[in-house]
$ cat structure-v1.txt   # compact mmCIF, C-alpha atoms and all ligand atoms
# COMPACT_ATOMS: atom_id res chain seq x y z
CA MET E 1 -20.73 -13.22 -5.69
CA SER E 2 -21.25 -12.35 -9.34
CA THR E 3 -19.78 -9.21 -10.84
CA THR E 4 -22.51 -8.76 -13.42
CA ASN E 5 -24.39 -5.50 -13.52
CA THR E 6 -27.68 -5.61 -11.69
CA GLU E 7 -30.51 -3.34 -12.74
CA PRO E 8 -31.18 -0.63 -10.19
CA SER E 9 -34.23 -1.72 -8.21
CA SER E 10 -37.46 0.01 -9.07
CA TRP E 11 -38.14 1.25 -5.52
CA ARG E 12 -35.72 4.12 -5.87
CA ALA E 13 -34.09 3.84 -9.23
CA ALA E 14 -32.70 7.38 -9.04
CA ALA E 15 -31.13 6.96 -5.60
CA CYS E 16 -29.35 3.60 -5.92
CA THR E 17 -27.20 2.42 -8.77
CA VAL E 18 -25.14 -0.77 -8.96
CA THR E 19 -21.91 -0.68 -10.97
CA PRO E 20 -19.36 -3.44 -11.50
CA VAL E 21 -15.74 -2.52 -10.77
CA PRO E 22 -13.45 -4.22 -13.30
CA SER E 23 -10.40 -5.79 -11.72
CA VAL E 24 -6.96 -4.48 -12.68
CA HIS E 25 -5.31 -7.87 -12.87
CA ARG E 26 -6.98 -10.80 -14.57
CA LEU E 27 -8.77 -12.64 -11.80
CA LEU E 28 -8.20 -16.35 -11.48
CA THR E 29 -11.32 -18.30 -12.32
CA PRO E 30 -12.80 -20.43 -9.52
CA ALA E 31 -11.31 -23.52 -11.22
CA GLU E 32 -7.86 -21.87 -11.30
CA ASP E 33 -8.19 -20.84 -7.65
CA VAL E 34 -9.01 -24.44 -6.72
CA ALA E 35 -6.22 -25.90 -8.88
CA ARG E 36 -3.68 -23.53 -7.32
CA GLY E 37 -4.98 -23.69 -3.75
CA PHE E 38 -5.26 -27.48 -3.69
CA GLN E 39 -1.66 -27.90 -4.92
CA GLY E 40 -0.13 -26.85 -1.61
CA SER E 41 -0.01 -28.50 1.76
CA PRO E 42 -2.26 -27.77 3.49
CA LYS E 43 -4.77 -27.16 0.71
CA ARG E 44 -6.05 -23.56 0.76
CA LEU E 45 -8.83 -21.43 -0.71
CA PRO E 46 -9.26 -17.66 -1.17
CA PRO E 47 -11.76 -16.41 1.44
CA LYS E 48 -13.98 -14.54 -1.03
CA TYR E 49 -15.72 -17.87 -1.78
CA PHE E 50 -17.42 -17.70 1.62
CA TYR E 51 -19.62 -14.85 0.48
CA ASP E 52 -22.31 -16.17 -1.83
CA ASP E 53 -25.80 -15.03 -0.85
CA HIS E 54 -26.25 -17.82 1.73
CA GLY E 55 -22.74 -17.29 3.13
CA SER E 56 -23.35 -13.55 3.55
CA ARG E 57 -26.54 -14.29 5.45
CA LEU E 58 -24.72 -16.79 7.66
CA PHE E 59 -22.05 -14.18 8.34
CA ASP E 60 -24.76 -11.78 9.47
CA ARG E 61 -25.97 -14.48 11.89
CA ILE E 62 -22.40 -14.98 13.20
CA CYS E 63 -22.45 -11.27 14.09
CA ASP E 64 -25.44 -11.93 16.38
CA THR E 65 -23.91 -14.90 18.24
CA PRO E 66 -22.95 -14.14 21.86
CA GLU E 67 -19.37 -15.32 21.22
CA TYR E 68 -18.64 -13.00 18.26
CA TYR E 69 -17.64 -9.91 20.27
CA PRO E 70 -15.96 -7.99 17.36
CA MET E 71 -19.30 -6.94 15.86
CA ARG E 72 -20.75 -5.61 19.13
CA THR E 73 -17.51 -3.99 20.25
CA GLU E 74 -16.93 -2.24 16.96
CA ALA E 75 -20.59 -1.17 16.77
CA ARG E 76 -20.32 0.39 20.23
CA LEU E 77 -17.10 2.20 19.31
CA LEU E 78 -18.79 3.53 16.17
CA ALA E 79 -21.89 4.62 18.09
CA GLU E 80 -19.67 6.51 20.52
CA SER E 81 -17.32 8.07 17.98
CA ALA E 82 -19.58 8.67 14.96
CA ARG E 83 -20.32 12.33 15.74
CA ALA E 84 -16.67 13.16 16.35
CA VAL E 85 -15.56 11.32 13.20
CA MET E 86 -18.17 13.02 11.01
CA ALA E 87 -17.42 16.44 12.55
CA SER E 88 -13.70 16.09 11.96
CA VAL E 89 -13.82 14.62 8.43
CA GLN E 90 -17.03 16.28 7.12
CA PRO E 91 -17.18 13.85 4.21
CA ASP E 92 -19.09 14.45 0.98
CA CYS E 93 -19.05 10.69 0.47
CA ILE E 94 -18.49 7.48 2.38
CA LEU E 95 -16.75 4.65 0.47
CA GLU E 96 -16.90 1.32 2.28
CA MET E 97 -14.71 -1.68 1.44
CA GLY E 98 -16.53 -5.01 2.03
CA SER E 99 -19.68 -3.27 3.25
CA GLY E 100 -21.82 -6.43 3.64
CA THR E 101 -25.08 -5.54 5.41
CA SER E 102 -23.80 -2.01 6.26
CA ARG E 103 -25.30 -2.38 9.76
CA LYS E 104 -22.55 -0.45 11.54
CA THR E 105 -22.47 2.23 8.85
CA GLU E 106 -25.88 3.36 10.08
CA HIS E 107 -24.19 5.01 13.08
CA LEU E 108 -22.20 7.26 10.74
CA LEU E 109 -25.20 8.03 8.53
CA GLN E 110 -27.24 8.90 11.61
CA ALA E 111 -24.48 11.23 12.83
CA ALA E 112 -24.44 12.87 9.37
CA GLU E 113 -28.21 13.32 9.49
CA GLN E 114 -27.99 14.94 12.93
CA ALA E 115 -25.37 17.35 11.58
CA ASN E 116 -27.62 18.17 8.59
CA ALA E 117 -25.09 16.63 6.22
CA GLN E 118 -25.98 14.31 3.35
CA PRO E 119 -22.94 12.32 2.28
CA VAL E 120 -23.33 9.99 -0.70
CA TYR E 121 -22.76 6.33 0.19
CA TRP E 122 -20.54 4.10 -2.01
CA PRO E 123 -20.61 0.51 -0.66
CA PHE E 124 -18.14 -1.88 -2.36
CA ASP E 125 -18.61 -5.62 -1.96
CA VAL E 126 -18.10 -8.89 -3.82
CA CYS E 127 -21.64 -10.01 -2.89
CA ASP E 128 -24.18 -7.95 -4.86
CA SER E 129 -27.31 -9.47 -3.28
CA ILE E 130 -26.33 -8.51 0.28
CA MET E 131 -25.45 -5.00 -0.88
CA THR E 132 -28.74 -4.40 -2.66
CA SER E 133 -30.81 -5.58 0.31
CA ALA E 134 -28.70 -3.35 2.58
CA ALA E 135 -29.28 -0.43 0.20
CA GLU E 136 -33.03 -1.00 0.36
CA ARG E 137 -32.97 -0.92 4.17
CA LEU E 138 -30.73 2.17 4.28
CA CYS E 139 -32.91 4.13 1.84
CA GLY E 140 -35.93 3.33 4.03
CA ARG E 141 -34.22 4.67 7.12
CA PHE E 142 -32.44 7.63 5.47
CA PRO E 143 -34.78 8.97 2.74
CA TRP E 144 -32.20 11.60 1.69
CA LEU E 145 -29.50 9.00 1.00
CA THR E 146 -28.01 8.45 -2.48
CA ILE E 147 -26.22 5.11 -2.91
CA HIS E 148 -23.74 4.11 -5.61
CA ALA E 149 -23.15 0.42 -4.99
CA LEU E 150 -19.93 -1.04 -6.44
CA VAL E 151 -19.59 -4.77 -7.09
CA GLY E 152 -16.14 -6.27 -7.30
CA ASP E 153 -13.11 -7.76 -5.57
CA TYR E 154 -11.13 -5.29 -3.44
CA GLY E 155 -8.16 -7.63 -3.55
CA ALA E 156 -7.91 -7.32 -7.33
CA GLY E 157 -6.50 -3.80 -7.61
CA LEU E 158 -8.27 -0.50 -7.03
CA ASP E 159 -7.20 1.39 -10.20
CA HIS E 160 -10.72 1.10 -11.63
CA LEU E 161 -12.50 1.96 -8.40
CA PRO E 162 -14.37 5.24 -9.11
CA ARG E 163 -13.00 8.26 -7.26
CA PRO E 164 -16.10 9.88 -5.71
CA PRO E 165 -16.17 13.69 -5.90
CA GLY E 166 -15.37 15.77 -2.81
CA ARG E 167 -13.96 14.77 0.54
CA CYS E 168 -14.24 11.05 1.17
CA LEU E 169 -14.36 8.92 4.31
CA TYR E 170 -13.15 5.40 3.51
CA LEU E 171 -14.37 2.59 5.76
CA PHE E 172 -12.70 -0.79 6.18
CA LEU E 173 -14.45 -2.38 9.15
CA GLY E 174 -15.09 -5.76 10.72
CA GLY E 175 -11.46 -6.78 11.03
CA SER E 176 -11.45 -7.63 7.32
CA LEU E 177 -7.90 -6.29 6.87
CA GLY E 178 -6.85 -9.16 9.13
CA ASN E 179 -8.17 -11.67 6.60
CA PHE E 180 -5.17 -10.85 4.40
CA GLU E 181 -1.66 -12.19 4.87
CA PRO E 182 0.77 -9.40 5.91
CA GLU E 183 2.13 -8.81 2.37
CA GLU E 184 -1.38 -8.68 0.90
CA SER E 185 -2.75 -6.39 3.60
CA ALA E 186 0.16 -4.00 3.02
CA ARG E 187 -0.68 -3.94 -0.68
CA VAL E 188 -4.43 -3.45 -0.15
CA LEU E 189 -3.90 -0.70 2.43
CA SER E 190 -1.35 1.04 0.17
CA GLU E 191 -3.84 0.90 -2.70
CA ILE E 192 -6.50 2.49 -0.50
CA ALA E 193 -3.96 5.13 0.58
CA SER E 194 -3.10 5.97 -3.03
CA HIS E 195 -6.81 6.23 -3.86
CA MET E 196 -7.19 8.85 -1.10
CA GLY E 197 -6.87 12.60 -1.53
CA PRO E 198 -5.02 14.66 1.12
CA ASP E 199 -8.25 15.57 3.00
CA ASP E 200 -9.69 12.06 2.87
CA ARG E 201 -9.62 9.80 5.89
CA LEU E 202 -9.77 6.03 6.48
CA LEU E 203 -11.72 4.55 9.38
CA LEU E 204 -10.21 1.10 9.94
CA GLY E 205 -11.59 -1.52 12.36
CA VAL E 206 -9.18 -4.27 13.43
CA ASP E 207 -9.36 -6.93 16.12
CA ARG E 208 -6.82 -7.12 18.94
CA VAL E 209 -4.77 -9.88 20.51
CA LYS E 210 -6.46 -11.17 23.66
CA ASP E 211 -7.10 -14.27 25.72
CA ARG E 212 -7.02 -17.39 23.54
CA SER E 213 -10.32 -18.75 24.87
CA VAL E 214 -12.18 -15.56 23.97
CA LEU E 215 -10.65 -15.52 20.48
CA GLU E 216 -11.31 -19.18 19.77
CA ALA E 217 -14.93 -19.05 20.98
CA ALA E 218 -15.61 -16.11 18.63
CA TYR E 219 -14.72 -18.37 15.69
CA ASP E 220 -16.46 -21.51 16.99
CA ASP E 221 -19.81 -20.47 18.48
CA ALA E 222 -21.86 -22.99 20.43
CA ALA E 223 -24.84 -22.79 18.07
CA GLY E 224 -22.61 -23.86 15.17
CA VAL E 225 -23.27 -20.85 12.91
CA THR E 226 -19.55 -20.33 12.22
CA ALA E 227 -19.16 -24.05 11.48
CA ALA E 228 -22.03 -23.79 8.97
CA PHE E 229 -20.43 -20.67 7.44
CA ASN E 230 -17.10 -22.44 7.06
CA ARG E 231 -18.68 -25.58 5.54
CA ASN E 232 -20.80 -23.47 3.17
CA VAL E 233 -17.64 -22.73 1.18
CA LEU E 234 -17.85 -26.37 0.02
CA ASN E 235 -21.39 -25.80 -1.29
CA VAL E 236 -20.04 -22.77 -3.15
CA LEU E 237 -17.30 -24.95 -4.70
CA ASN E 238 -19.85 -27.61 -5.65
CA HIS E 239 -21.69 -24.92 -7.57
CA GLU E 240 -18.74 -22.94 -8.96
CA VAL E 241 -16.42 -25.77 -10.06
CA ASP E 242 -18.88 -28.64 -10.38
CA ALA E 243 -17.45 -30.48 -7.35
CA ASP E 244 -19.12 -33.10 -5.16
CA PHE E 245 -17.99 -32.16 -1.66
CA GLU E 246 -20.13 -33.45 1.20
CA PRO E 247 -19.92 -30.53 3.63
CA GLU E 248 -20.98 -32.68 6.61
CA ALA E 249 -17.99 -34.96 6.02
CA PHE E 250 -15.72 -32.09 7.14
CA ALA E 251 -15.28 -30.78 10.69
CA HIS E 252 -14.97 -27.06 11.43
CA GLU E 253 -11.82 -26.12 13.35
CA ALA E 254 -10.69 -22.71 14.59
CA PHE E 255 -7.59 -22.08 16.70
CA PHE E 256 -5.32 -19.21 17.67
CA ASN E 257 -1.88 -19.47 16.09
CA GLU E 258 0.04 -17.37 18.60
CA ALA E 259 3.32 -17.27 16.68
CA GLN E 260 1.56 -15.63 13.72
CA SER E 261 -0.98 -13.79 15.87
CA ARG E 262 -3.92 -15.09 13.91
CA ILE E 263 -7.00 -17.23 14.14
CA GLU E 264 -6.91 -20.01 11.55
CA MET E 265 -10.00 -21.65 10.19
CA HIS E 266 -9.80 -25.13 8.73
CA LEU E 267 -12.12 -27.84 7.43
CA VAL E 268 -10.83 -31.25 8.49
CA SER E 269 -11.80 -34.39 6.60
CA ARG E 270 -13.71 -36.72 8.95
CA ARG E 271 -12.92 -39.83 6.90
CA ASP E 272 -10.99 -40.99 3.86
CA GLN E 273 -12.78 -39.49 0.91
CA ARG E 274 -12.29 -38.58 -2.72
CA VAL E 275 -13.74 -35.43 -4.23
CA GLN E 276 -14.40 -34.86 -7.93
CA VAL E 277 -13.88 -31.41 -9.39
CA GLY E 278 -15.75 -31.47 -12.70
CA ALA E 279 -14.38 -28.14 -13.95
CA LEU E 280 -10.82 -29.49 -13.64
CA GLU E 281 -11.69 -33.04 -14.66
CA ARG E 282 -9.77 -34.38 -11.72
CA VAL E 283 -10.21 -35.91 -8.29
CA TYR E 284 -8.63 -34.89 -5.00
CA ASP E 285 -8.04 -37.24 -2.11
CA PHE E 286 -8.94 -36.07 1.37
CA PRO E 287 -7.70 -38.78 3.77
CA GLU E 288 -9.13 -38.65 7.29
CA GLY E 289 -7.54 -35.70 9.11
CA GLU E 290 -6.52 -33.87 5.89
CA ARG E 291 -7.05 -30.12 6.19
CA LEU E 292 -8.41 -27.46 3.94
CA HIS E 293 -7.23 -24.11 5.28
CA THR E 294 -10.07 -21.68 4.56
CA GLU E 295 -9.35 -18.42 6.42
CA ILE E 296 -7.03 -16.42 8.62
CA SER E 297 -8.05 -13.57 10.90
CA ARG E 298 -5.03 -11.65 12.16
CA LYS E 299 -5.11 -10.07 15.61
CA PHE E 300 -3.23 -6.82 16.18
CA THR E 301 -1.53 -4.84 18.93
CA PRO E 302 -1.32 -1.01 18.98
CA ALA E 303 2.27 -1.38 17.73
CA SER E 304 1.39 -3.73 14.88
CA ILE E 305 -1.49 -1.43 13.82
CA ALA E 306 0.87 1.56 13.69
CA ASP E 307 3.32 -0.53 11.69
CA GLU E 308 0.62 -1.66 9.24
CA LEU E 309 -0.45 1.97 8.67
CA ALA E 310 3.12 3.23 8.28
CA ARG E 311 3.91 0.60 5.65
CA ALA E 312 0.94 1.90 3.62
CA GLY E 313 1.89 5.57 3.97
CA LEU E 314 -0.85 6.34 6.48
CA VAL E 315 -0.70 8.02 9.88
CA MET E 316 -3.04 7.56 12.83
CA ASP E 317 -5.19 10.62 13.64
CA GLU E 318 -7.42 9.05 16.30
CA HIS E 319 -7.56 5.70 18.05
CA TYR E 320 -10.90 4.61 19.54
CA GLN E 321 -10.76 1.53 21.76
CA PRO E 322 -12.67 0.12 24.73
CA GLU E 323 -11.03 0.04 28.17
CA ASP E 324 -10.13 -3.63 27.82
CA GLY E 325 -8.50 -3.01 24.41
CA ALA E 326 -10.64 -5.70 22.75
CA PHE E 327 -10.88 -3.92 19.38
CA SER E 328 -9.42 -0.89 17.62
CA LEU E 329 -11.16 1.68 15.48
CA VAL E 330 -8.55 3.91 13.91
CA LEU E 331 -8.98 7.11 11.94
CA ALA E 332 -6.02 7.42 9.58
CA ALA E 333 -4.80 10.07 7.15
CA PRO E 334 -2.44 9.93 4.17
CA GLN E 335 1.08 10.99 5.13
CA GLN E 336 1.53 14.57 3.83
N1 LIG E 401 -17.98 -4.69 6.85
C1 LIG E 401 -19.03 -5.59 7.34
C2 LIG E 401 -18.95 -6.97 6.71
C3 LIG E 401 -17.73 -7.77 7.07
S1 LIG E 401 -17.77 -9.41 6.36
C4 LIG E 401 -18.92 -5.70 8.83
O1 LIG E 401 -17.98 -5.17 9.39
O2 LIG E 401 -19.80 -6.30 9.44
C5 LIG E 401 -16.74 -9.18 4.98
C6 LIG E 401 -17.47 -8.54 3.80
O3 LIG E 401 -16.50 -8.32 2.80
C7 LIG E 401 -18.54 -9.42 3.21
O4 LIG E 401 -19.69 -8.66 2.93
C8 LIG E 401 -17.91 -9.95 1.92
O5 LIG E 401 -18.87 -10.19 0.90
C9 LIG E 401 -16.95 -8.86 1.56
N2 LIG E 401 -15.76 -9.34 0.88
C10 LIG E 401 -14.98 -10.40 1.22
N3 LIG E 401 -13.95 -10.52 0.37
C11 LIG E 401 -14.07 -9.50 -0.52
C12 LIG E 401 -13.31 -9.07 -1.64
N4 LIG E 401 -12.21 -9.72 -2.01
N5 LIG E 401 -13.73 -7.97 -2.34
C13 LIG E 401 -14.87 -7.30 -1.98
N6 LIG E 401 -15.62 -7.66 -0.90
C14 LIG E 401 -15.24 -8.74 -0.19
N1 LIG E 402 -13.60 -10.35 9.07
C1 LIG E 402 -14.16 -11.38 9.91
C2 LIG E 402 -13.17 -11.71 11.03
O1 LIG E 402 -12.02 -11.89 10.74
C3 LIG E 402 -14.47 -12.60 9.09
C4 LIG E 402 -14.97 -13.77 9.88
C5 LIG E 402 -15.63 -13.77 11.03
C6 LIG E 402 -14.87 -15.12 9.51
N2 LIG E 402 -15.98 -15.06 11.40
C7 LIG E 402 -15.52 -15.87 10.50
C8 LIG E 402 -14.29 -15.76 8.44
C9 LIG E 402 -15.58 -17.25 10.42
C10 LIG E 402 -14.36 -17.14 8.39
C11 LIG E 402 -15.02 -17.89 9.34
O2 LIG E 402 -13.55 -11.75 12.17

$ encode --input "structure-v1.txt" --output "structure tokens" --more "lines below"
Ligand code: SAH
Ligand code: TRP
Amino acid sequence: MSTTNTEPSSWRAAACTVTPVPSVHRLLTPAEDVARGFQGSPKRLPPKYFYDDHGSRLFDRICDTPEYYPMRTEARLLAESARAVMASVQPDCILEMGSGTSRKTEHLLQAAEQANAQPVYWPFDVCDSIMTSAAERLCGRFPWLTIHALVGDYGAGLDHLPRPPGRCLYLFLGGSLGNFEPEESARVLSEIASHMGPDDRLLLGVDRVKDRSVLEAAYDDAAGVTAAFNRNVLNVLNHEVDADFEPEAFAHEAFFNEAQSRIEMHLVSRRDQRVQVGALERVYDFPEGERLHTEISRKFTPASIADELARAGLVMDEHYQPEDGAFSLVLAAPQQ
């Protein structure tokens, strides 16, 4: 989760560079995020703290659980639509927000390869270690590929995000837009839209409203990987703000909040406990049942997707969805 520059790895120094993206606004330090987030009721935390190296690996394991349908559904939609998307956009570069392991991106790169195209790949993620191991894998599979990895926080303003040359396909997959509150997602999507040129396109993957039991199981798998991912944020805090959380003393909880059309993830204190935060030189009480609200994952309808795009000055070109409407992959263009 660091934003320090990492030396390009020796295996293909010429083909993969890693560049930090400075944030536009001063970012709150982890201690400031904790001080602010723990003031409210319930206590909250920004979700980027999930994604240290261990958290990113746990997220990759969530994607392989039988309950987490978004990964498989979106991957299938991408496999089916990749050729059409690449043929219609013909991008010189692919810029991906929150690229993680870039597993699904391989469908687009494969479609490019089959069309004898060689777009340059610009992954952008807060977790540099997951991006560099993804880059290594991608360069093995696609020997022609040039990668410019960007490390930073996509919620912190995109003014300093490099503008790759040529026509650009932006990717924002995995339902990550839904991890922002409505006002924030409107801002992030508008910033992406203003970064785009008239011929650029955005491929956006968002999850859809569906049966509560299916939604809740996706965020509380039987093997407990999601619970471990949620609790890992406490290990990150222990490290980042010199805290002494005992992750096992908190229960993982995920439920569908229908009124706000979102999954909420919480950590619930299993007993009365007191946590020290060294960086703030203060203690926080977590009585039994006290909640730390760690994440939201908004679920959309076709109407709310159209609304979200319109607010950002984008229009829908194509809508790829399975028959049961479980997930939406949308190709969007800047309003002319
Ligand atoms: N796009 C991938 C990964 C989704 S998980 C997929 O669809 O499978 C979310 C990814 O976004 C993680 O890799 C995480 O490190 C990254 N991320 C989360 N918050 C971020 C932020 N504020 N800025 C940049 N990347 C972020
Ligand atoms: N973007 C993912 C989603 O909303 C993030 C995610 C999946 C997640 N599972 C999670 C976040 C569990 C926190 C906890 O589906």

$ residues_near_ligand --input "structure-v1.txt" --ligand "ligand LIG 402 (chain E)" --cutoff "7 Å" --atoms "only C-alpha atoms and all ligand atoms" --output "tab-separated table (two decimals) with C-alpha atoms, in the coordinates of the input"
chain	number	residue	atom	x	y	z
E	59	PHE	CA	-22.05	-14.18	8.34
E	62	ILE	CA	-22.40	-14.98	13.20
E	70	PRO	CA	-15.96	-7.99	17.36
E	174	GLY	CA	-15.09	-5.76	10.72
E	175	GLY	CA	-11.46	-6.78	11.03
E	176	SER	CA	-11.45	-7.63	7.32
E	178	GLY	CA	-6.85	-9.16	9.13
E	179	ASN	CA	-8.17	-11.67	6.60
E	219	TYR	CA	-14.72	-18.37	15.69
E	226	THR	CA	-19.55	-20.33	12.22
E	229	PHE	CA	-20.43	-20.67	7.44
E	230	ASN	CA	-17.10	-22.44	7.06
E	265	MET	CA	-10.00	-21.65	10.19
E	295	GLU	CA	-9.35	-18.42	6.42
E	297	SER	CA	-8.05	-13.57	10.90

$ closest_residue --input "structure-v1.txt" --among "E:Lys210, E:Arg274, E:Arg57, E:Arg291" --to "ligand LIG 401 (chain E)" --atoms "all atoms listed in the file"
E:Arg57

$ closest_residue --input "structure-v1.txt" --among "E:Asp33, E:Glu106, E:Asp153, E:Asp60" --to "ligand LIG 401 (chain E)" --atoms "all atoms listed in the file"
E:Asp153

$ residues_near_ligand --input "structure-v1.txt" --ligand "ligand LIG 401 (chain E)" --cutoff "7 Å" --atoms "only C-alpha atoms and all ligand atoms" --output "JSON, numbers by chain"
{"E": [47, 48, 51, 56, 59, 71, 97, 98, 99, 100, 101, 102, 103, 104, 124, 125, 126, 127, 152, 153, 154, 155, 172, 173, 174, 175, 176]}

$ atom_distance --input "structure-v1.txt" --atom1 "atom CA of Gly37 of chain E" --atom2 "atom CA of Val233 of chain E"
13.6 Å

$ atom_distance --input "structure-v1.txt" --atom1 "atom CA of Gln110 of chain E" --atom2 "atom CA of Trp144 of chain E"
11.4 Å

$ atom_distance --input "structure-v1.txt" --atom1 "atom CA of Arg262 of chain E" --atom2 "atom CA of Ala326 of chain E"
14.5 Å

$ residues_around --input "structure-v1.txt" --residues "Ala112 of chain E" --least-positions-apart "4" --cutoff "10 Å" --atoms "all atoms listed in the file" --output "list of chain:residue names"
E:Ala82, E:Arg83, E:Val85, E:Met86, E:Ala87, E:Gln90, E:Pro91, E:Glu106, E:His107, E:Leu108, E:Asn116, E:Ala117, E:Gln118, E:Pro119

$ axis_aligned_box --input "structure-v1.txt" --around "segment 127-142 of chain E" --padding-each-side "4 Å" --output "AutoDock Vina command-line options"
--center_x -28.8 --center_y -1.2 --center_z 1.1 --size_x 22.3 --size_y 25.6 --size_z 20.0

$ closest_residue --input "structure-v1.txt" --among "E:Ile130, E:Leu202, E:Ala186, E:Cys139" --to "Asp53 of chain E" --atoms "only C-alpha atoms"
E:Ile130

$ closest_residue --input "structure-v1.txt" --among "E:Asp307, E:Asp285, E:Asp92, E:Asp64" --to "Gln39 of chain E" --atoms "only C-alpha atoms"
E:Asp285

$ closest_residue --input "structure-v1.txt" --among "E:Ala310, E:Pro287, E:Gly325, E:Pro182" --to "Asp211 of chain E" --atoms "only C-alpha atoms"
E:Gly325

$ residues_around --input "structure-v1.txt" --residues "Asp159 of chain E" --least-positions-apart "6" --cutoff "12 Å" --atoms "all atoms listed in the file" --output "ChimeraX atom specification"
/E:21-25,153,188,190-196

$ build_atoms --input "structure-v1.txt" --residues "segment 259-273 of chain E" --atoms "N, CA and C atoms" --output "PDB file, in the coordinates of the input"
ATOM      1  N   ALA E 259       2.087 -17.710  17.332  1.00  0.00           N
ATOM      2  CA  ALA E 259       3.320 -17.270  16.680  1.00  0.00           C
ATOM      3  C   ALA E 259       3.009 -16.281  15.551  1.00  0.00           C
ATOM      4  N   GLN E 260       1.905 -16.519  14.835  1.00  0.00           N
ATOM      5  CA  GLN E 260       1.560 -15.630  13.720  1.00  0.00           C
ATOM      6  C   GLN E 260       0.421 -14.679  14.091  1.00  0.00           C
ATOM      7  N   SER E 261       0.041 -14.700  15.358  1.00  0.00           N
ATOM      8  CA  SER E 261      -0.980 -13.790  15.870  1.00  0.00           C
ATOM      9  C   SER E 261      -2.248 -13.800  15.015  1.00  0.00           C
ATOM     10  N   ARG E 262      -2.728 -15.014  14.755  1.00  0.00           N
ATOM     11  CA  ARG E 262      -3.920 -15.090  13.910  1.00  0.00           C
ATOM     12  C   ARG E 262      -4.779 -16.293  14.259  1.00  0.00           C
ATOM     13  N   ILE E 263      -6.084 -16.102  14.115  1.00  0.00           N
ATOM     14  CA  ILE E 263      -7.000 -17.230  14.140  1.00  0.00           C
ATOM     15  C   ILE E 263      -6.887 -17.937  12.789  1.00  0.00           C
ATOM     16  N   GLU E 264      -6.866 -19.247  12.801  1.00  0.00           N
ATOM     17  CA  GLU E 264      -6.910 -20.010  11.550  1.00  0.00           C
ATOM     18  C   GLU E 264      -8.185 -20.823  11.516  1.00  0.00           C
ATOM     19  N   MET E 265      -8.814 -20.831  10.379  1.00  0.00           N
ATOM     20  CA  MET E 265     -10.000 -21.650  10.190  1.00  0.00           C
ATOM     21  C   MET E 265      -9.672 -22.782   9.204  1.00  0.00           C
ATOM     22  N   HIS E 266     -10.050 -23.974   9.597  1.00  0.00           N
ATOM     23  CA  HIS E 266      -9.800 -25.130   8.730  1.00  0.00           C
ATOM     24  C   HIS E 266     -11.071 -25.956   8.598  1.00  0.00           C
ATOM     25  N   LEU E 267     -11.122 -26.769   7.539  1.00  0.00           N
ATOM     26  CA  LEU E 267     -12.120 -27.840   7.430  1.00  0.00           C
ATOM     27  C   LEU E 267     -11.318 -29.132   7.415  1.00  0.00           C
ATOM     28  N   VAL E 268     -11.641 -30.043   8.330  1.00  0.00           N
ATOM     29  CA  VAL E 268     -10.830 -31.250   8.490  1.00  0.00           C
ATOM     30  C   VAL E 268     -11.662 -32.458   8.050  1.00  0.00           C
ATOM     31  N   SER E 269     -11.084 -33.228   7.131  1.00  0.00           N
ATOM     32  CA  SER E 269     -11.800 -34.390   6.600  1.00  0.00           C
ATOM     33  C   SER E 269     -12.075 -35.395   7.724  1.00  0.00           C
ATOM     34  N   ARG E 270     -13.340 -35.806   7.853  1.00  0.00           N
ATOM     35  CA  ARG E 270     -13.710 -36.720   8.950  1.00  0.00           C
ATOM     36  C   ARG E 270     -13.420 -38.183   8.599  1.00  0.00           C
ATOM     37  N   ARG E 271     -13.204 -38.451   7.312  1.00  0.00           N
ATOM     38  CA  ARG E 271     -12.920 -39.830   6.900  1.00  0.00           C
ATOM     39  C   ARG E 271     -12.137 -39.801   5.587  1.00  0.00           C
ATOM     40  N   ASP E 272     -11.647 -40.929   5.173  1.00  0.00           N
ATOM     41  CA  ASP E 272     -10.990 -40.990   3.860  1.00  0.00           C
ATOM     42  C   ASP E 272     -12.049 -40.722   2.810  1.00  0.00           C
ATOM     43  N   GLN E 273     -11.805 -39.769   1.960  1.00  0.00           N
ATOM     44  CA  GLN E 273     -12.780 -39.490   0.910  1.00  0.00           C
ATOM     45  C   GLN E 273     -12.094 -38.930  -0.330  1.00  0.00           C
TER      46      GLN E 273
END
